[in-house]
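J.: Hey, dropping entry_25.cif in here, mmCIF, C-alpha atoms:
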data_my_file
loop_
_atom_site.label_atom_id
_atom_site.label_comp_id
_atom_site.auth_asym_id
_atom_site.auth_seq_id
_atom_site.Cartn_x
_atom_site.Cartn_y
_atom_site.Cartn_z
CA MET A 593 62.48 -12.04 96.94
CA ALA A 594 62.40 -8.30 97.79
CA ASP A 595 60.20 -9.00 100.81
CA GLU A 596 62.44 -11.88 101.83
CA THR A 597 65.53 -9.69 101.59
CA SER A 598 63.96 -7.08 103.89
CA ALA A 599 62.85 -9.77 106.33
CA TRP A 600 66.30 -11.36 106.31
CA LEU A 601 67.90 -7.96 106.97
CA ALA A 602 65.60 -7.45 109.96
CA SER A 603 66.64 -10.85 111.32
CA VAL A 604 70.33 -10.19 110.61
CA ALA A 605 70.03 -6.97 112.61
CA HIS A 606 69.26 -9.22 115.60
CA GLY A 607 72.25 -11.49 114.94
CA ASP A 608 70.44 -14.29 113.07
CA ARG A 609 73.20 -16.24 111.28
CA ASP A 610 70.76 -18.43 109.34
CA ALA A 611 69.04 -15.35 107.95
CA PHE A 612 72.43 -13.93 106.98
CA SER A 613 73.30 -17.17 105.19
CA LYS A 614 70.07 -17.01 103.18
CA LEU A 615 70.58 -13.31 102.49
CA TYR A 616 74.16 -13.95 101.41
CA ASP A 617 73.10 -16.66 98.96
CA ALA A 618 70.38 -14.40 97.55
CA VAL A 619 72.52 -11.30 96.95
CA ILE A 620 76.17 -12.33 96.54
CA ASP A 621 75.98 -12.66 92.74
CA MET A 622 74.49 -9.17 92.50
CA VAL A 623 77.09 -7.76 94.92
CA TYR A 624 80.02 -9.34 93.08
CA GLY A 625 78.64 -8.27 89.69
CA ILE A 626 78.35 -4.63 90.78
CA CYS A 627 81.85 -4.74 92.25
CA LEU A 628 83.34 -6.23 89.10
CA ARG A 629 81.66 -3.64 86.85
CA VAL A 630 83.01 -0.80 88.97
CA VAL A 631 86.54 -1.97 89.84
CA ARG A 632 87.17 -4.09 86.71
CA ASN A 633 89.45 -6.50 88.54
CA ARG A 634 88.30 -9.91 89.77
CA GLU A 635 90.50 -10.06 92.87
CA ILE A 636 89.61 -6.55 94.00
CA ALA A 637 85.93 -7.21 93.23
CA GLU A 638 86.06 -10.29 95.49
CA GLU A 639 87.65 -8.24 98.28
CA VAL A 640 85.07 -5.47 97.97
CA ALA A 641 82.20 -8.00 97.87
CA HIS A 642 83.56 -9.56 101.06
CA ASP A 643 83.78 -6.11 102.68
CA VAL A 644 80.22 -5.31 101.63
CA MET A 645 78.84 -8.51 103.12
CA LEU A 646 80.66 -7.79 106.38
CA GLU A 647 79.17 -4.33 106.33
CA VAL A 648 75.69 -5.81 105.73
CA TRP A 649 76.19 -8.07 108.76
CA ASN A 650 77.40 -5.19 110.94
CA SER A 651 74.93 -2.53 109.80
CA ALA A 652 71.73 -4.42 109.02
CA GLY A 653 70.08 -2.55 111.88
CA ARG A 654 70.44 0.71 109.94
CA TYR A 655 68.35 -0.61 107.03
CA ASP A 656 65.03 1.24 106.77
CA PRO A 657 62.42 -0.61 104.67
CA ALA A 658 60.47 2.64 104.29
CA ARG A 659 63.30 4.03 102.15
CA GLY A 660 63.50 1.13 99.66
CA SER A 661 63.98 -2.56 99.19
CA GLY A 662 66.70 -4.51 100.93
CA ARG A 663 68.29 -5.41 97.59
CA ALA A 664 68.43 -1.72 96.61
CA TRP A 665 70.01 -0.85 99.98
CA ILE A 666 72.66 -3.54 99.50
CA ALA A 667 73.22 -2.56 95.85
CA THR A 668 73.75 1.08 96.83
CA MET A 669 76.12 0.08 99.62
CA THR A 670 78.01 -2.13 97.16
CA ARG A 671 78.30 0.57 94.53
CA ASN A 672 79.52 3.12 97.07
CA ARG A 673 82.06 0.71 98.55
CA ALA A 674 83.38 -0.21 95.07
CA ILE A 675 83.67 3.44 94.04
CA ASP A 676 85.52 4.16 97.28
CA ARG A 677 87.98 1.37 96.45
CA VAL A 678 88.57 2.75 92.92
CA ARG A 679 89.19 6.20 94.38
CA SER A 680 91.54 4.77 96.98
CA ILE A 681 93.55 2.93 94.33
CA ALA A 682 93.72 6.05 92.15
CA ALA A 683 94.87 8.17 95.10
CA ALA A 684 97.57 5.63 95.95
CA ARG A 685 98.79 5.70 92.36
CA ARG A 686 98.91 9.50 92.39
CA ARG A 687 100.88 9.42 95.64
CA ASP A 688 103.28 6.87 94.19
CA LEU A 689 103.79 8.97 91.08
CA ALA A 690 104.25 12.16 93.08
CA GLN A 691 106.84 10.56 95.33
CA PRO A 692 110.06 10.02 93.37
CA PRO A 693 111.77 6.70 94.05
CA PRO A 694 114.86 6.83 96.24
CA SER A 695 117.98 7.21 94.15
CA ALA A 696 121.65 6.65 94.75
CA GLY A 697 122.52 10.23 93.84
CA PRO A 698 121.17 13.48 92.51
CA PRO A 699 118.78 13.29 89.55
CA ASP A 700 120.37 13.16 86.11
CA PRO A 701 117.77 14.57 83.70
CA VAL A 702 120.03 14.17 80.67
CA GLY A 703 120.95 10.56 81.43
CA ASP A 704 117.37 9.69 82.35
CA GLY A 705 116.14 11.25 79.12
CA VAL A 706 118.60 9.21 77.07
CA VAL A 707 117.57 5.98 78.80
CA ASP A 708 113.87 6.81 78.33
CA LEU A 709 114.42 7.64 74.65
CA ASP A 710 116.41 4.43 74.12
CA SER A 711 113.73 2.38 75.91
CA ARG A 712 111.00 4.03 73.88
CA ARG A 713 112.84 3.28 70.62
CA ARG A 714 113.34 -0.36 71.57
CA ILE A 715 109.68 -0.78 72.48
CA GLN A 716 108.57 0.93 69.27
CA GLY A 717 110.85 -1.40 67.32
CA ALA A 718 109.37 -4.41 69.09
CA LEU A 719 105.84 -3.11 68.41
CA ALA A 720 106.68 -2.68 64.72
CA SER A 721 107.63 -6.35 64.49
CA LEU A 722 104.23 -7.53 65.79
CA SER A 723 101.47 -8.52 63.39
CA ASP A 724 99.20 -5.68 62.31
CA ILE A 725 96.25 -7.07 64.27
CA GLN A 726 98.28 -7.46 67.48
CA ARG A 727 99.84 -4.01 67.14
CA GLU A 728 96.45 -2.39 66.50
CA ALA A 729 94.86 -4.01 69.58
CA LEU A 730 97.83 -3.13 71.82
CA THR A 731 98.00 0.43 70.52
CA LEU A 732 94.30 1.00 71.18
CA ALA A 733 94.61 -0.49 74.66
CA PHE A 734 97.82 1.10 75.89
CA TYR A 735 98.17 4.28 73.88
CA GLY A 736 94.49 4.88 73.19
CA GLY A 737 93.43 4.02 76.74
CA LEU A 738 90.47 1.93 75.54
CA THR A 739 89.05 -1.00 77.49
CA HIS A 740 88.80 -4.43 75.91
CA ASN A 741 85.06 -3.88 75.40
CA GLN A 742 85.67 -0.54 73.72
CA ILE A 743 88.32 -2.05 71.44
CA ALA A 744 85.95 -4.87 70.46
CA GLU A 745 83.25 -2.34 69.65
CA HIS A 746 85.69 -0.08 67.75
CA LEU A 747 87.05 -2.96 65.65
CA GLY A 748 83.72 -4.76 65.30
CA LEU A 749 85.18 -7.94 66.78
CA PRO A 750 84.10 -10.34 69.52
CA LEU A 751 85.51 -9.51 72.96
CA GLY A 752 87.32 -12.86 73.17
CA THR A 753 89.14 -12.16 69.90
CA VAL A 754 90.33 -8.79 71.17
CA LYS A 755 91.53 -10.31 74.44
CA SER A 756 93.40 -13.03 72.53
CA ARG A 757 95.08 -10.50 70.28
CA ILE A 758 96.18 -8.39 73.22
CA ARG A 759 97.39 -11.41 75.19
CA ASP A 760 99.29 -12.85 72.22
CA GLY A 761 100.72 -9.44 71.37
CA MET A 762 101.90 -8.93 74.96
CA LYS A 763 103.56 -12.34 74.99
CA ARG A 764 105.34 -11.62 71.72
CA LEU A 765 106.30 -8.13 72.88
CA ALA A 766 107.77 -9.58 76.09
CA GLN A 767 109.80 -12.08 74.04
CA LEU A 768 111.10 -9.34 71.77
CA VAL A 769 111.99 -7.06 74.67
CA ASP A 770 113.73 -9.94 76.50
CA GLU A 771 115.79 -10.64 73.36
CA GLU A 772 116.61 -6.92 73.10
CA TRP A 773 117.52 -6.48 76.82
CA PRO A 774 119.16 -9.71 78.02
#
What does the file become when written as structure tokens?
T.:
Amino acid sequence: MADETSAWLASVAHGDRDAFSKLYDAVIDMVYGICLRVVRNREIAEEVAHDVMLEVWNSAGRYDPARGSGRAWIATMTRNRAIDRVRSIAAARRRDLAQPPPSAGPPDPVGDGVVDLDSRRRIQGALASLSDIQREALTLAFYGGLTHNQIAEHLGLPLGTVKSRIRDGMKRLAQLVDEEWP
């Protein structure tokens, strides 16, 4: 398949749509898998995979078989594009956090602090009313910053169990918060 990938890339460089179709079928699972591992979001991974395949179509002429296989060239391009997307998302978040939202008046640090403290107390109360297993999974995810995989490993549980606990805990937490703040 490595030789086929290189041959398809050479044909794609000359505008061969059939070669691109074969190349696409051969590498799209790899491209999407790399994207998903890097960005950890299915929708964004699909967007990045689409962007990568467009880039393959547009830049196939830059592929140099002397420097490595076609699959490796595409995998490297995919990884770089996915990392760029993660960095772009992180930069946008930093910009959003650095830019205070427009307000109706001057900032009120005392009032804002009281609201934050009250909100925090209500959320802590809602967390306390969850089952121990739901609270533990949510705490590790949101306060501990662990991924679902890391939580599963930490607790010695299957990944699906951890996801269910987090999902059920979030549903219950949302119900409790809705009851608290009508």
J.: Give me the residues within 8 Å of segment 725-741 of chain A as a PyMOL selection string, counting only C-alpha atoms and dropping any in the same chain fewer than 6 places off.
T.: chain A and resi 719+751+754-755+757-758+760-762
J.: Counting all atoms listed in the file, which of A:Asp608, A:Asp676, A:Glu745, A:Glu638 gets nearest to Asp621 of chain A?
T.: A:Glu638
J.: A:Ser680, A:Trp665, A:Val769, A:Ile675: which is nearest Ile715 of chain A, counting all atoms listed in the file?
T.: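 Using all atoms listed in the file, the shortest distance to Ile715 of chain A belongs to A:Val769.
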J.: What is the distance between atom CA of Tyr616 of chain A and atom CA of Ala602 of chain A, in Å to one decimal?
T.: 13.7 Å
J.: Could you list, as an MDAnalysis selection string, every residue matched by the PyMOL selection byres ((chain A and resi 664) around 12) in this structure?
T.: chainID A and resid 593:595 597:598 619 622:623 626 655:663 665:671
J.: Given the PyMOL selection byres ((chain A and resi 648) around 10) and the file above, list the residues it selects as a VMD selection string.
T.: chain A and resid 601 604 to 605 612 615 to 616 642 to 647 649 to 655 665 to 666 669 to 670
J.: Between atom CA of Ala674 of chain A and atom CA of Ala641 of chain A, what is the spacing in Å?
T.: 8.4 Å
J.: Kindly give the distance, in Å, that separates atom CA of Gly625 of chain A and atom CA of Ala637 of chain A, rounded to a single decimal.
T.: 8.2 Å
J.: Identify which of the residues A:Arg714, A:Gly607, A:Ser721, A:Ile636 lies closest to Ile681 of chain A, counting all atoms listed in the file when measuring atom-to-atom distances.
T.: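 The closest residue to Ile681 of chain A is A:Ile636.
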